[in-house]
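Undergrad: File model-v9.cif below, mmCIF, C-alpha atoms:
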data_entry
loop_
_atom_site.label_atom_id
_atom_site.label_comp_id
_atom_site.auth_asym_id
_atom_site.auth_seq_id
_atom_site.Cartn_x
_atom_site.Cartn_y
_atom_site.Cartn_z
CA MET L 16 0.00 0.00 0.00
CA LEU L 17 1.50 3.30 -1.11
CA ARG L 18 1.74 5.80 1.76
CA ILE L 19 2.60 9.45 1.21
CA THR L 20 3.16 12.33 3.62
CA ASP L 21 0.46 14.99 3.59
CA ALA L 22 2.33 18.32 3.67
CA ARG L 23 -0.63 19.96 5.40
CA THR L 24 -0.47 17.73 8.47
CA GLY L 25 2.95 16.07 8.26
CA GLU L 26 1.19 12.72 8.70
CA PRO L 27 1.39 9.67 6.38
CA VAL L 28 -1.81 8.78 4.53
CA ASP L 29 -2.86 6.13 2.03
CA ALA L 30 -2.47 7.43 -1.52
CA ALA L 31 -5.41 5.22 -2.49
CA PRO L 32 -7.66 4.72 0.57
CA ALA L 33 -10.36 2.79 -1.30
CA ARG L 34 -9.44 -0.42 -3.07
CA ARG L 35 -9.86 0.11 -6.82
CA GLY L 36 -11.27 3.58 -6.10
CA LEU L 37 -10.24 6.34 -8.50
CA THR L 38 -7.44 8.64 -7.31
CA ARG L 39 -7.22 12.09 -8.89
CA ILE L 40 -3.70 13.52 -9.15
CA GLU L 41 -3.50 17.28 -9.70
CA ALA L 42 -0.09 18.66 -10.61
CA HIS L 43 0.12 22.39 -9.83
CA ALA L 44 2.72 23.95 -12.10
CA SER L 45 2.26 27.51 -13.26
CA GLY L 46 5.13 28.72 -15.39
CA PHE L 47 7.87 26.93 -17.29
CA ASP L 48 10.89 26.33 -15.09
CA ALA L 49 12.90 23.46 -13.61
CA THR L 50 10.82 23.39 -10.44
CA GLY L 51 7.60 23.12 -12.44
CA LEU L 52 9.08 20.18 -14.34
CA ARG L 53 10.06 18.54 -11.05
CA VAL L 54 6.47 18.91 -9.83
CA LEU L 55 5.25 17.14 -12.95
CA LEU L 56 7.91 14.44 -12.56
CA VAL L 57 6.82 13.70 -8.97
CA ALA L 58 3.20 13.59 -10.10
CA ASP L 59 4.21 11.22 -12.92
CA LEU L 60 5.94 8.92 -10.44
CA LEU L 61 2.86 8.92 -8.22
CA VAL L 62 0.66 8.01 -11.18
CA ARG L 63 3.00 5.19 -12.21
CA ALA L 64 3.26 3.81 -8.67
CA LEU L 65 -0.50 3.78 -8.20
CA GLU L 66 -1.09 2.13 -11.57
CA LEU L 67 1.50 -0.54 -10.79
CA GLY L 68 -0.58 -1.30 -7.70
CA GLY L 69 -3.78 -1.56 -9.75
CA THR L 70 -5.29 1.80 -8.75
CA PRO L 71 -7.10 3.76 -11.48
CA VAL L 72 -5.73 7.30 -11.78
CA TRP L 73 -6.94 10.55 -13.32
CA ALA L 74 -3.97 12.86 -13.92
CA LEU L 75 -4.59 16.60 -14.32
CA LEU L 76 -2.44 19.70 -14.78
CA THR L 77 -3.39 22.96 -13.08
CA GLY L 78 -1.70 26.22 -14.02
CA ASP L 79 -2.26 29.47 -15.87
CA ARG L 80 1.08 30.32 -17.51
CA GLU L 81 3.32 28.75 -20.17
CA GLN L 82 1.40 25.50 -20.19
CA ALA L 83 2.38 24.57 -23.76
CA GLU L 84 6.07 25.02 -22.94
CA LEU L 85 5.68 23.07 -19.72
CA ARG L 86 3.97 20.18 -21.47
CA ALA L 87 6.67 20.07 -24.15
CA GLY L 88 9.41 20.03 -21.50
CA ALA L 89 7.60 17.29 -19.61
CA ALA L 90 7.29 15.17 -22.74
CA ALA L 91 11.05 15.51 -23.31
CA LEU L 92 11.63 14.08 -19.84
CA GLY L 93 9.36 11.08 -20.46
CA ILE L 94 6.54 12.39 -18.29
CA HIS L 95 3.15 11.05 -19.29
CA PRO L 96 0.61 13.62 -20.53
CA PHE L 97 -1.74 15.29 -18.05
CA GLU L 98 -5.24 16.48 -18.87
CA ASP L 99 -6.16 20.15 -18.52
CA SER L 100 -8.01 20.58 -15.22
CA ARG L 101 -9.90 23.74 -16.22
CA GLY L 102 -13.65 23.32 -16.05
CA LEU L 103 -13.49 19.79 -14.70
CA GLY L 104 -15.23 18.69 -11.54
CA ALA L 105 -15.03 15.54 -9.48
CA ALA L 106 -15.05 12.23 -11.33
CA LEU L 107 -17.56 9.46 -10.73
CA GLY L 108 -16.23 7.09 -8.08
CA GLU L 109 -13.42 9.42 -7.04
CA ALA L 110 -12.02 8.25 -3.69
CA GLN L 111 -8.98 10.47 -3.22
CA VAL L 112 -7.50 13.74 -4.45
CA VAL L 113 -3.73 14.34 -4.24
CA HIS L 114 -2.32 17.77 -5.05
CA VAL L 115 1.34 17.79 -6.10
CA ALA L 116 2.82 21.27 -5.78
CA ARG L 117 6.02 23.13 -4.95
CA GLU L 118 6.57 23.49 -1.24
CA ASP L 119 5.76 27.21 -1.18
CA ASP L 120 2.54 26.86 -3.19
CA ASP L 121 -0.44 26.84 -0.84
CA GLY L 122 -3.07 27.41 -3.53
CA ALA L 123 -4.31 23.82 -3.65
CA THR L 124 -7.35 23.17 -1.48
CA GLY L 125 -8.89 19.92 -0.28
CA GLY L 126 -7.45 16.46 -0.46
CA VAL L 127 -3.85 15.49 0.29
CA ARG L 128 -0.92 17.77 -0.55
CA LEU L 129 2.43 16.38 -1.72
CA ALA L 130 5.18 19.01 -1.45
CA VAL L 131 8.09 19.28 -3.89
CA ALA L 132 11.28 21.22 -3.15
CA PRO L 133 12.64 23.68 -5.73
CA VAL L 134 15.35 23.12 -8.32
CA ASP L 135 18.29 25.46 -8.86
CA ALA L 136 19.14 24.94 -12.52
CA ALA L 137 22.50 26.19 -13.78
CA LEU L 138 21.60 24.86 -17.24
CA PRO L 139 18.78 25.37 -19.77
CA VAL L 140 15.46 24.14 -18.43
CA THR L 141 15.19 21.33 -20.97
CA PRO L 142 17.92 19.09 -22.38
CA THR L 143 19.72 20.13 -25.55
CA PRO L 144 18.97 18.10 -28.70
CA ASP L 145 22.23 16.17 -28.30
CA GLY L 146 21.67 15.52 -24.58
CA ASP L 147 19.93 12.58 -22.92
CA PRO L 148 16.66 13.64 -21.27
CA ALA L 149 16.84 10.58 -19.05
CA ALA L 150 19.97 12.03 -17.42
CA TRP L 151 17.88 14.99 -16.29
CA ARG L 152 15.23 12.61 -15.03
CA LEU L 153 17.71 10.48 -13.10
CA ALA L 154 19.44 13.53 -11.61
CA LEU L 155 16.08 14.63 -10.17
CA LEU L 156 15.08 11.12 -9.07
CA ALA L 157 18.35 10.60 -7.20
CA GLN L 158 17.39 13.13 -4.51
CA PRO L 159 14.39 13.02 -2.14
CA ARG L 160 11.61 15.20 -3.52
CA THR L 161 11.66 17.30 -0.33
CA ARG L 162 15.34 18.21 -0.79
CA ARG L 163 16.38 21.22 -2.85
CA VAL L 164 18.31 20.12 -5.95
CA ARG L 165 20.97 21.92 -7.97
CA LEU L 166 21.28 20.82 -11.59
CA ASP L 167 24.61 21.64 -13.20
CA ALA L 168 26.96 20.05 -15.70
CA ASP L 169 28.66 17.86 -13.09
CA THR L 170 25.33 16.54 -11.79
CA LEU L 171 24.14 15.64 -15.28
CA ASP L 172 27.48 14.08 -16.19
CA GLU L 173 27.26 11.83 -13.13
CA ALA L 174 23.67 10.85 -13.95
CA GLY L 175 24.63 10.20 -17.58
CA ALA L 176 27.49 7.95 -16.53
CA THR L 177 25.19 5.95 -14.26
CA LEU L 178 22.65 5.57 -17.07
CA ALA L 179 25.31 4.38 -19.51
CA ARG L 180 26.57 1.82 -17.00
CA TRP L 181 23.07 0.52 -16.23
CA ARG L 182 21.99 0.39 -19.87
CA GLY L 183 25.15 -1.48 -20.83
CA ALA L 184 24.59 -3.99 -18.03
CA VAL L 185 20.92 -4.46 -18.94
CA ALA L 186 21.86 -5.09 -22.58
CA ASP L 187 24.37 -7.72 -21.46
CA TRP L 188 21.94 -9.39 -19.05
CA ALA L 189 19.30 -9.52 -21.81
CA ARG L 190 21.47 -12.08 -23.63
CA ARG L 191 21.06 -14.54 -20.75
CA PRO L 192 18.00 -16.77 -20.10
CA SER L 193 15.24 -14.92 -18.32
CA ARG L 194 14.75 -15.65 -14.63
CA PRO L 195 12.01 -14.45 -12.26
CA ILE L 196 12.64 -11.54 -9.92
CA PRO L 197 13.34 -12.96 -6.44
CA ASP L 198 10.51 -12.26 -4.04
CA ASP L 199 12.77 -10.40 -1.63
CA VAL L 200 14.09 -8.07 -4.34
CA ARG L 201 10.59 -7.28 -5.63
CA ALA L 202 9.40 -6.67 -2.06
CA GLU L 203 12.36 -4.38 -1.35
CA LEU L 204 11.67 -2.32 -4.46
CA ARG L 205 7.99 -1.92 -3.64
CA ALA L 206 8.72 -1.17 0.02
CA ALA L 207 10.97 1.69 -1.12
CA TRP L 208 8.61 3.44 -3.50
CA GLU L 209 5.53 2.72 -1.38
CA ASP L 210 7.25 4.51 1.53
CA ASP L 211 6.44 8.10 0.55
CA LEU L 212 7.80 7.57 -2.98
CA ASP L 213 11.34 6.99 -1.74
CA ILE L 214 12.91 6.76 -5.18
CA PRO L 215 16.52 7.13 -3.97
CA ALA L 216 15.98 3.98 -1.89
CA ALA L 217 14.63 2.17 -4.95
CA LEU L 218 17.72 3.20 -6.93
CA GLY L 219 19.81 1.73 -4.12
CA VAL L 220 17.99 -1.58 -4.50
CA LEU L 221 18.98 -1.62 -8.18
CA GLU L 222 22.62 -0.94 -7.37
CA ARG L 223 22.67 -3.83 -4.90
CA ALA L 224 20.91 -6.16 -7.34
CA ALA L 225 23.58 -5.47 -9.96
CA SER L 226 26.33 -6.89 -7.76
CA ARG L 227 24.47 -9.49 -5.71
CA PRO L 228 26.40 -12.74 -6.30
CA ASP L 229 23.45 -15.12 -5.95
CA LEU L 230 21.28 -13.31 -8.53
CA PRO L 231 21.28 -14.76 -12.07
CA ASP L 232 21.79 -12.24 -14.85
CA GLY L 233 18.35 -13.03 -16.24
CA ALA L 234 16.82 -12.06 -12.90
CA ARG L 235 18.86 -8.85 -12.86
CA PHE L 236 17.42 -7.98 -16.27
CA GLU L 237 13.84 -8.59 -15.13
CA THR L 238 14.47 -6.57 -11.94
CA TYR L 239 15.67 -3.54 -13.88
CA ALA L 240 12.88 -3.85 -16.45
CA TYR L 241 10.28 -4.03 -13.68
CA ALA L 242 11.70 -1.02 -11.81
CA ASP L 243 11.85 0.98 -15.03
CA ARG L 244 8.07 0.83 -15.30
CA LEU L 245 8.17 3.31 -12.41
CA LEU L 246 11.46 5.10 -13.08
CA GLY L 247 10.91 5.74 -16.80
CA LEU L 248 14.65 5.81 -17.59
CA ASP L 249 14.53 3.65 -20.73
CA LEU L 250 17.00 1.23 -19.18
CA ALA L 251 16.58 -1.28 -22.01
CA LEU L 252 17.62 1.26 -24.64
CA ALA L 253 20.81 -0.59 -25.59
CA VAL L 254 19.26 -4.07 -25.75
CA GLY L 255 19.95 -5.65 -29.13
CA ARG L 256 22.42 -3.02 -30.23
CA GLY L 257 25.81 -4.13 -31.46
CA ALA L 258 24.92 -7.80 -31.20
#
In structure tokens, write the structure found in this file.
TA:
Amino acid sequence: MLRITDARTGEPVDAAPARRGLTRIEAHASGFDATGLRVLLVADLLVRALELGGTPVWALLTGDREQAELRAGAAALGIHPFEDSRGLGAALGEAQVVHVAREDDDGATGGVRLAVAPVDAALPVTPTPDGDPAAWRLALLAQPRTRRVRLDADTLDEAGATLARWRGAVADWARRPSRPIPDDVRAELRAAWEDDLDIPAALGVLERAASRPDLPDGARFETYAYADRLLGLDLALAVGRGA
């Protein structure tokens, strides 16, 4: 069961209190900047985590400035599209509303509020055409969402190197016979992201799985493929290349 911290009360709550009940996710991002993109990324992770658990989700974007630019930047980072929230009311069967907003935005009312810390970007807001958008995504995922993040060339280089290493390993593991994900590894992954969307902890599980001596390579592949359904890092990008 995914539990998230309500920024209004500081208390953990169920992200989906009713089994199979619809959860509405509202991302509050007004204006095109790195912090707005981080808000959408956190909302995207929440949507993915709920859907992996079988919860139906309605994802909406709320904002009044530079929405086209924000949507284009989000698409570049692999963030799933959000519907426009203007003029929409509650959905039939809606059991929960979660507002995802920057920590200093108190405009959202009702429901649960998920706070996102700002981003200090020393680079253009979106990746350059020759850059890897997934490096931006990983650089943001590597820090808790409540911690302020600085994005600079060194940060993106480090994220890019990690991606290259993981993608190379996944491509190599894909050549081995498939093996099921061990129950303890799957449980550890889910325990991480179901604990207030602790994505850095989930990334740590992947690092340990890569070097665990008793894990067959086929199981490593399936572990990374499964986790990537949440992370959205295109970890299988190099599979089949150069074979």
Undergrad: What would the selection look like, as a PyMOL selection string, if the PyMOL selection byres ((chain L and resi 116-126) around 8) were run on the coordinates I just shared?
TA: chain L and resi 42-44+50-51+54+111-115+127-133
Undergrad: Specify as a list in words each residue included when the PyMOL selection byres ((chain L and resi 137) around 9) is applied to this file.
TA: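 Evaluating the PyMOL selection byres ((chain L and resi 137) around 9) on this file yields Asp135, Ala136, Leu138, Pro139, Val140, Arg165, Leu166, Asp167 and Ala168 of chain L.
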Undergrad: Counting only C-alpha atoms, what is within 8 Å of His95 (chain L), bar same-chain residues fewer than 5 positions away, as an mmCIF file with C-alpha atoms, in the coordinates of the input?
TA:
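Writing the result to part_9.cif gives the following:
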data_model
loop_
_atom_site.group_PDB
_atom_site.id
_atom_site.type_symbol
_atom_site.label_atom_id
_atom_site.label_comp_id
_atom_site.auth_asym_id
_atom_site.auth_seq_id
_atom_site.Cartn_x
_atom_site.Cartn_y
_atom_site.Cartn_z
ATOM 1 C CA ASP L 59 4.210 11.220 -12.920
ATOM 2 C CA ALA L 89 7.600 17.290 -19.610
ATOM 3 C CA ALA L 90 7.290 15.170 -22.740
#
Undergrad: Given only C-alpha atoms, how would the per-residue table for region 179-208 of chain L near region 248-253 of chain L read, listing every residue at most 12 Å away with its closest atom pair and distance in Å to one decimal, sorted by chain and number, as a Markdown table?
TA:
| residue | atom | partner | partner_atom | distance |
| --- | --- | --- | --- | --- |
| L:Ala179 | CA | L:Leu250 | CA | 8.9 |
| L:Arg180 | CA | L:Leu250 | CA | 9.8 |
| L:Trp181 | CA | L:Leu250 | CA | 6.8 |
| L:Arg182 | CA | L:Leu250 | CA | 5.1 |
| L:Gly183 | CA | L:Ala253 | CA | 6.5 |
| L:Ala184 | CA | L:Ala253 | CA | 9.1 |
| L:Val185 | CA | L:Ala251 | CA | 6.2 |
| L:Ala186 | CA | L:Ala253 | CA | 5.5 |
| L:Asp187 | CA | L:Ala253 | CA | 9.0 |
| L:Trp188 | CA | L:Ala251 | CA | 10.2 |
| L:Ala189 | CA | L:Ala251 | CA | 8.7 |
| L:Arg190 | CA | L:Ala253 | CA | 11.7 |
Undergrad: Keeping only C-alpha atoms, take the residues you just selected and write them out as a JSON list (two decimals), keeping the file's coordinate frame.
TA:
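Final output, result.json:
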[["chain", "number", "residue", "atom", "x", "y", "z"],
["L", 179, "ALA", "CA", 25.31, 4.38, -19.51],
["L", 180, "ARG", "CA", 26.57, 1.82, -17.00],
["L", 181, "TRP", "CA", 23.07, 0.52, -16.23],
["L", 182, "ARG", "CA", 21.99, 0.39, -19.87],
["L", 183, "GLY", "CA", 25.15, -1.48, -20.83],
["L", 184, "ALA", "CA", 24.59, -3.99, -18.03],
["L", 185, "VAL", "CA", 20.92, -4.46, -18.94],
["L", 186, "ALA", "CA", 21.86, -5.09, -22.58],
["L", 187, "ASP", "CA", 24.37, -7.72, -21.46],
["L", 188, "TRP", "CA", 21.94, -9.39, -19.05],
["L", 189, "ALA", "CA", 19.30, -9.52, -21.81],
["L", 190, "ARG", "CA", 21.47, -12.08, -23.63]]
Undergrad: Just say which residues the PyMOL selection byres ((chain L and resi 154) around 9) picks in this file, as a ChimeraX atom specification.
TA: /L:149-153,155-158,164,166,170-171,173-175
Undergrad: Closest to Pro231 (chain L) among L:Ala202, L:Arg256, L:Asp210, L:Pro192, using all atoms listed in the file?
TA: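 Closest residue, counting all atoms listed in the file: L:Pro192.
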Undergrad: Counting only C-alpha atoms, figure out which residue out of L:Gly255, L:Pro32, L:Pro71, L:Gly88 gets nearest to Ala110 (chain L).
TA: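 Using only C-alpha atoms, Ala110 (chain L) sits closest to L:Pro32.
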Undergrad: I'd like the contact shell of Ala224 (chain L) - 12 Å cut-off, only C-alpha atoms, skipping same-chain residues fewer than 3 positions apart - returned as JSON, numbers by chain.
TA: {"L": [181, 184, 185, 196, 197, 199, 200, 201, 203, 204, 217, 218, 219, 220, 221, 227, 228, 229, 230, 231, 232, 233, 234, 235, 236, 237, 238, 239, 242]}
Undergrad: Return the padded bounding box of region 240-250 of chain L as AutoDock Vina command-line options: axis-aligned, built from all atoms listed in the file, 6 Å added on each side, with centre and edge lengths in Å to one decimal.
TA:
--center_x 12.5 --center_y 0.9 --center_z -16.3 --size_x 20.9 --size_y 21.8 --size_z 20.9
Undergrad: Mind pulling up the distance from CA of Gly69 (chain L) to CA of Met16 (chain L)?
TA: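 Those two atoms sit 10.6 Å apart.
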